[in-house]
Amino acid sequence: MTYIEIMNDDLRFDPDGPVLLVGGYGVVGAELARLAAPSWPLLLTGRTPAGGASLAEETGAGIRRWDLSDPAPFSAAVRAVVGVVNDPDDRVLRAAVRAGIPYADVTRWTARLQRAATVAATLRPAAPVLLSSSWMGGVGALVAATLATRIGGADTVEIAVRWDLRDRAGADSVEFMDRLGLEYEIVEAGRRRLIMPLTDARTVMIGSSRTRVARIDTPEQFTLPITLGVGTAATRIGFSSPALTSALLAVKRSGFFRWGRGERWTPLRRSLLYSAGEGGEARLRIDVTGPAGTRTATVTDPRGQAHLTAVGALMALRRILGADGAAPPEGVVFPEATPRPLDVPGFLESAGVAVAEEAGPAARRAA
Ligand SMILES: NC(=O)c1ccc[n+]([C@@H]2O[C@H](COP(=O)([O-])OP(=O)(O)OC[C@H]3O[C@@H](n4cnc5c(N)ncnc54)[C@H](OP(=O)(O)O)[C@@H]3O)[C@@H](O)[C@H]2O)c1
């Protein structure tokens with residue numbers, strides 16, 4: 001799609017209009033629609049709106065076709081936009097920023113988030129642009145920021161994710177997995193270096209589960225050093241099946257993610273990690289070390305990763321609409337950088353997400 005075609009979309013700001021959820025009847029979008037429907041009118045879009053008809057009926061939302069790969073211009077008057085489907089050309093972002101519409105997004109991996117921040121800053125946004133794509137729609141980063149306030153700041157943030165193989169995930173989540181063969185930049189003890197995903201493995205207790213986790217490229221490892229001044233930011237992921245985690249680390253050591261990057265290997269590459277189940281639990285552990293010691297939180301959502309991501313997206317939507325009692329943020333922001341009168345653990349608990357907080361040594365290792 002050309003830049004000229006992208007420029008033809010006509011979003012307009014209407015403070016009384018619906019909240020536009022782009023990709024709003026997908027796995028994450030549907031959870032967000034249900035969470036947001038009691039508070040705002042909604043407009044859901046996707047390529048085949050018939051697939052979202054029952055959700056639209058359930059939530060009272062409008063539903064329309066907007067295929068982001070189709071240059072046909074889209075036009076609507078809305079009060080806010082939330083991106084819950086990949087926006088590879090920043091088409092939705094540009095249309096929202098041009099029109100001065102509050103915008104939030106949970107879909108961008110780090111390189112795309114960096115580009116989006118640059119695009120948005122260049123367009124000099126008049127309304128907030130909240131790039132909330134870090135782990136679980138910003139939940140990990142928000143909890144890290146909360147823990148940092150308890151111990152006078154954050155030198156180190158370590159996030160360990162336990163991915164439940166029974167959990168649900170949509171097709172649009174799969175693209176992210178193609179990045180396992182690409183180095184990315186991290187900050188460690190204040191120094192930058194490149195690292196490969198699925199390296200730097202360790203075993204941690206995530207709640208009561210001993211889990212082998214290894215590095216993965218997520219946006220908070222880029223944003224936390226900027227927003228909170230963190231010297232070390234590390235996010236790792238492991239799977240509910242130790243056998244799968246071991247197999248994946250072995251595949252990584254074989255070099256497959258590097259030499260198997262071509263299109264020919266795409267189905268195999270994606271099948272290694274993508275196993276959309278019927279439903280599972282989302283769990284992550286956040287360790288923050290600062291001047292006054294270490295604090296740990298374990299966040300557990302029995303309704304799974306899509307629900308937890310939607311809760312993160314809901315918090316982002318509330319922030320950009322000023323629904324938390326504070327003025328909306330200005331310009332381009334990341335979730336943990338927005339001023340928070342919001343009690344993050346309290347909000348999560350109210351959404352059915354358990355937050356167990358404790359003081360203690362950093363990343364208590366099980367082995
Ligand atoms: N930040 C985080 O922690 C986090 C966590 C989970 C997911 N995510 C991200 O959230 C996004 C959604 O994930 P998901 O599991 O909900 O995926 P999904 O179930 O596949 O949902 C995608 C939605 O977008 C629509 N869609 C797909 N391609 C489109 C296109 N080209 N133009 C317009 N609409 C399109 C789909 O409907 P049609 O098929 O009818 O078009 C569907 O409604 C992904 O980008 C994923 O990476 C982020």
# chains A, B, ... in the order shown; residues from 1 in each chain; ligands from 1
>>> residues_near_ligand(ligand="ligand 1", cutoff="7 Å", atoms="only C-alpha atoms and all ligand atoms", output="PyMOL selection string")
chain A and resi 22-29+45-49+51+66-69+84-86+106-108+132-138+169-174+176+305-306+309
>>> select_by_dssp(residues="region 209-252 of chain A", states="strand (DSSP E or B)", output="list of chain:residue names")
A:Ser209, A:Arg210, A:Thr211, A:Arg212, A:Val213, A:Ala214, A:Arg215, A:Thr232, A:Ala233, A:Ala234, A:Thr235, A:Arg236, A:Ile237, A:Gly238, A:Phe239
>>> atom_distance(atom1="CA of Arg34 (chain A)", atom2="CA of Pro102 (chain A)")
20.1 Å
>>> closest_residue(among="A:Ile63, A:Val82, A:Ala99, A:Ile186", to="Asp9 (chain A)", atoms="only C-alpha atoms")
A:Ala99
>>> closest_residue(among="A:Arg64, A:Arg115, A:Arg166, A:Arg12", to="Glu278 (chain A)", atoms="only C-alpha atoms")
A:Arg166
>>> closest_residue(among="A:Pro71, A:Gly312, A:Gly100, A:Gly238", to="Pro15 (chain A)", atoms="only C-alpha atoms")
A:Gly100
>>> atom_distance(atom1="CA of Val119 (chain A)", atom2="CA of Gly83 (chain A)")
15.5 Å
>>> atom_distance(atom1="CA of Thr203 (chain A)", atom2="CA of Ala111 (chain A)")
27.7 Å
>>> closest_residue(among="A:Ala145, A:Leu20, A:Ala214, A:Ala282", to="Arg168 (chain A)", atoms="only C-alpha atoms")
A:Ala282
>>> closest_residue(among="A:Leu224, A:Leu308, A:Val355, A:Leu249", to="Ala148 (chain A)", atoms="only C-alpha atoms")
A:Leu224
>>> closest_residue(among="A:Gly277, A:Gly290, A:Gly331, A:Gly181", to="Arg258 (chain A)", atoms="only C-alpha atoms")
A:Gly181
>>> residues_around(residues="region 53-58 of chain A", least_positions_apart="6", cutoff="9 Å", atoms="only C-alpha atoms", output="ChimeraX atom specification")
/A:25,30,33-34,42-44
>>> select_by_dssp(residues="region 50-291 of chain A", states="alpha helix (DSSP H)", output="PyMOL selection string")
chain A and resi 53-59+91-99+110-122+139-150+220-227+242-253+256-259+266-273
>>> residues_around(residues="Thr245 (chain A)", least_positions_apart="2", cutoff="10 Å", atoms="only C-alpha atoms", output="short mmCIF file (atom, residue, chain, number, x, y, z; two decimals) with C-alpha atoms, in the first residue's frame")
data_model
loop_
_atom_site.label_atom_id
_atom_site.label_comp_id
_atom_site.auth_asym_id
_atom_site.auth_seq_id
_atom_site.Cartn_x
_atom_site.Cartn_y
_atom_site.Cartn_z
CA LEU A 198 15.65 -17.61 23.79
CA THR A 211 9.44 -22.43 35.19
CA ARG A 212 12.39 -22.37 32.82
CA VAL A 213 12.37 -18.99 31.08
CA ALA A 214 14.53 -17.36 28.39
CA ILE A 237 9.22 -16.38 28.77
CA GLY A 238 8.69 -20.06 29.48
CA PHE A 239 5.94 -22.55 28.82
CA SER A 240 3.65 -24.52 31.06
CA SER A 241 5.21 -27.63 29.50
CA PRO A 242 8.89 -27.96 30.55
CA ALA A 243 9.34 -30.41 27.66
CA ALA A 247 12.62 -28.48 22.94
CA LEU A 248 12.34 -24.84 21.94
CA LEU A 249 15.67 -23.94 23.52
CA ALA A 250 17.23 -26.91 21.69
CA VAL A 251 15.73 -25.72 18.40
CA LEU A 273 4.87 -21.82 19.34
#
>>> residues_around(residues="Pro41 (chain A)", least_positions_apart="6", cutoff="9 Å", atoms="only C-alpha atoms", output="list in words")
Asp16, Gly17, Pro18, Val19, Leu20, Thr59, Gly60, Ala61 and Gly62 of chain A
>>> write_last_selection(atoms="N, CA and C atoms", output="PDB file, in the first residue's frame")
ATOM      1  N   ASP A  16     -18.648  12.591  21.310  1.00  0.00           N
ATOM      2  CA  ASP A  16     -19.823  11.799  21.690  1.00  0.00           C
ATOM      3  C   ASP A  16     -19.935  10.514  20.861  1.00  0.00           C
ATOM      4  N   GLY A  17     -18.986  10.307  19.986  1.00  0.00           N
ATOM      5  CA  GLY A  17     -19.043   9.136  19.096  1.00  0.00           C
ATOM      6  C   GLY A  17     -18.577   7.879  19.811  1.00  0.00           C
ATOM      7  N   PRO A  18     -18.568   6.760  19.100  1.00  0.00           N
ATOM      8  CA  PRO A  18     -18.129   5.498  19.706  1.00  0.00           C
ATOM      9  C   PRO A  18     -16.604   5.417  19.843  1.00  0.00           C
ATOM     10  N   VAL A  19     -16.165   4.479  20.644  1.00  0.00           N
ATOM     11  CA  VAL A  19     -14.747   4.112  20.679  1.00  0.00           C
ATOM     12  C   VAL A  19     -14.547   3.074  19.576  1.00  0.00           C
ATOM     13  N   LEU A  20     -13.607   3.349  18.687  1.00  0.00           N
ATOM     14  CA  LEU A  20     -13.328   2.431  17.579  1.00  0.00           C
ATOM     15  C   LEU A  20     -12.297   1.392  18.020  1.00  0.00           C
ATOM     16  N   THR A  59     -22.746  -6.748  22.815  1.00  0.00           N
ATOM     17  CA  THR A  59     -22.179  -5.536  23.430  1.00  0.00           C
ATOM     18  C   THR A  59     -22.877  -4.263  22.954  1.00  0.00           C
ATOM     19  N   GLY A  60     -23.824  -4.387  22.059  1.00  0.00           N
ATOM     20  CA  GLY A  60     -24.511  -3.203  21.527  1.00  0.00           C
ATOM     21  C   GLY A  60     -23.613  -2.373  20.616  1.00  0.00           C
ATOM     22  N   ALA A  61     -22.542  -2.981  20.121  1.00  0.00           N
ATOM     23  CA  ALA A  61     -21.568  -2.242  19.301  1.00  0.00           C
ATOM     24  C   ALA A  61     -22.020  -2.166  17.853  1.00  0.00           C
ATOM     25  N   GLY A  62     -21.572  -1.116  17.157  1.00  0.00           N
ATOM     26  CA  GLY A  62     -21.685  -1.089  15.704  1.00  0.00           C
ATOM     27  C   GLY A  62     -20.555  -1.943  15.130  1.00  0.00           C
TER      28      GLY A  62
END
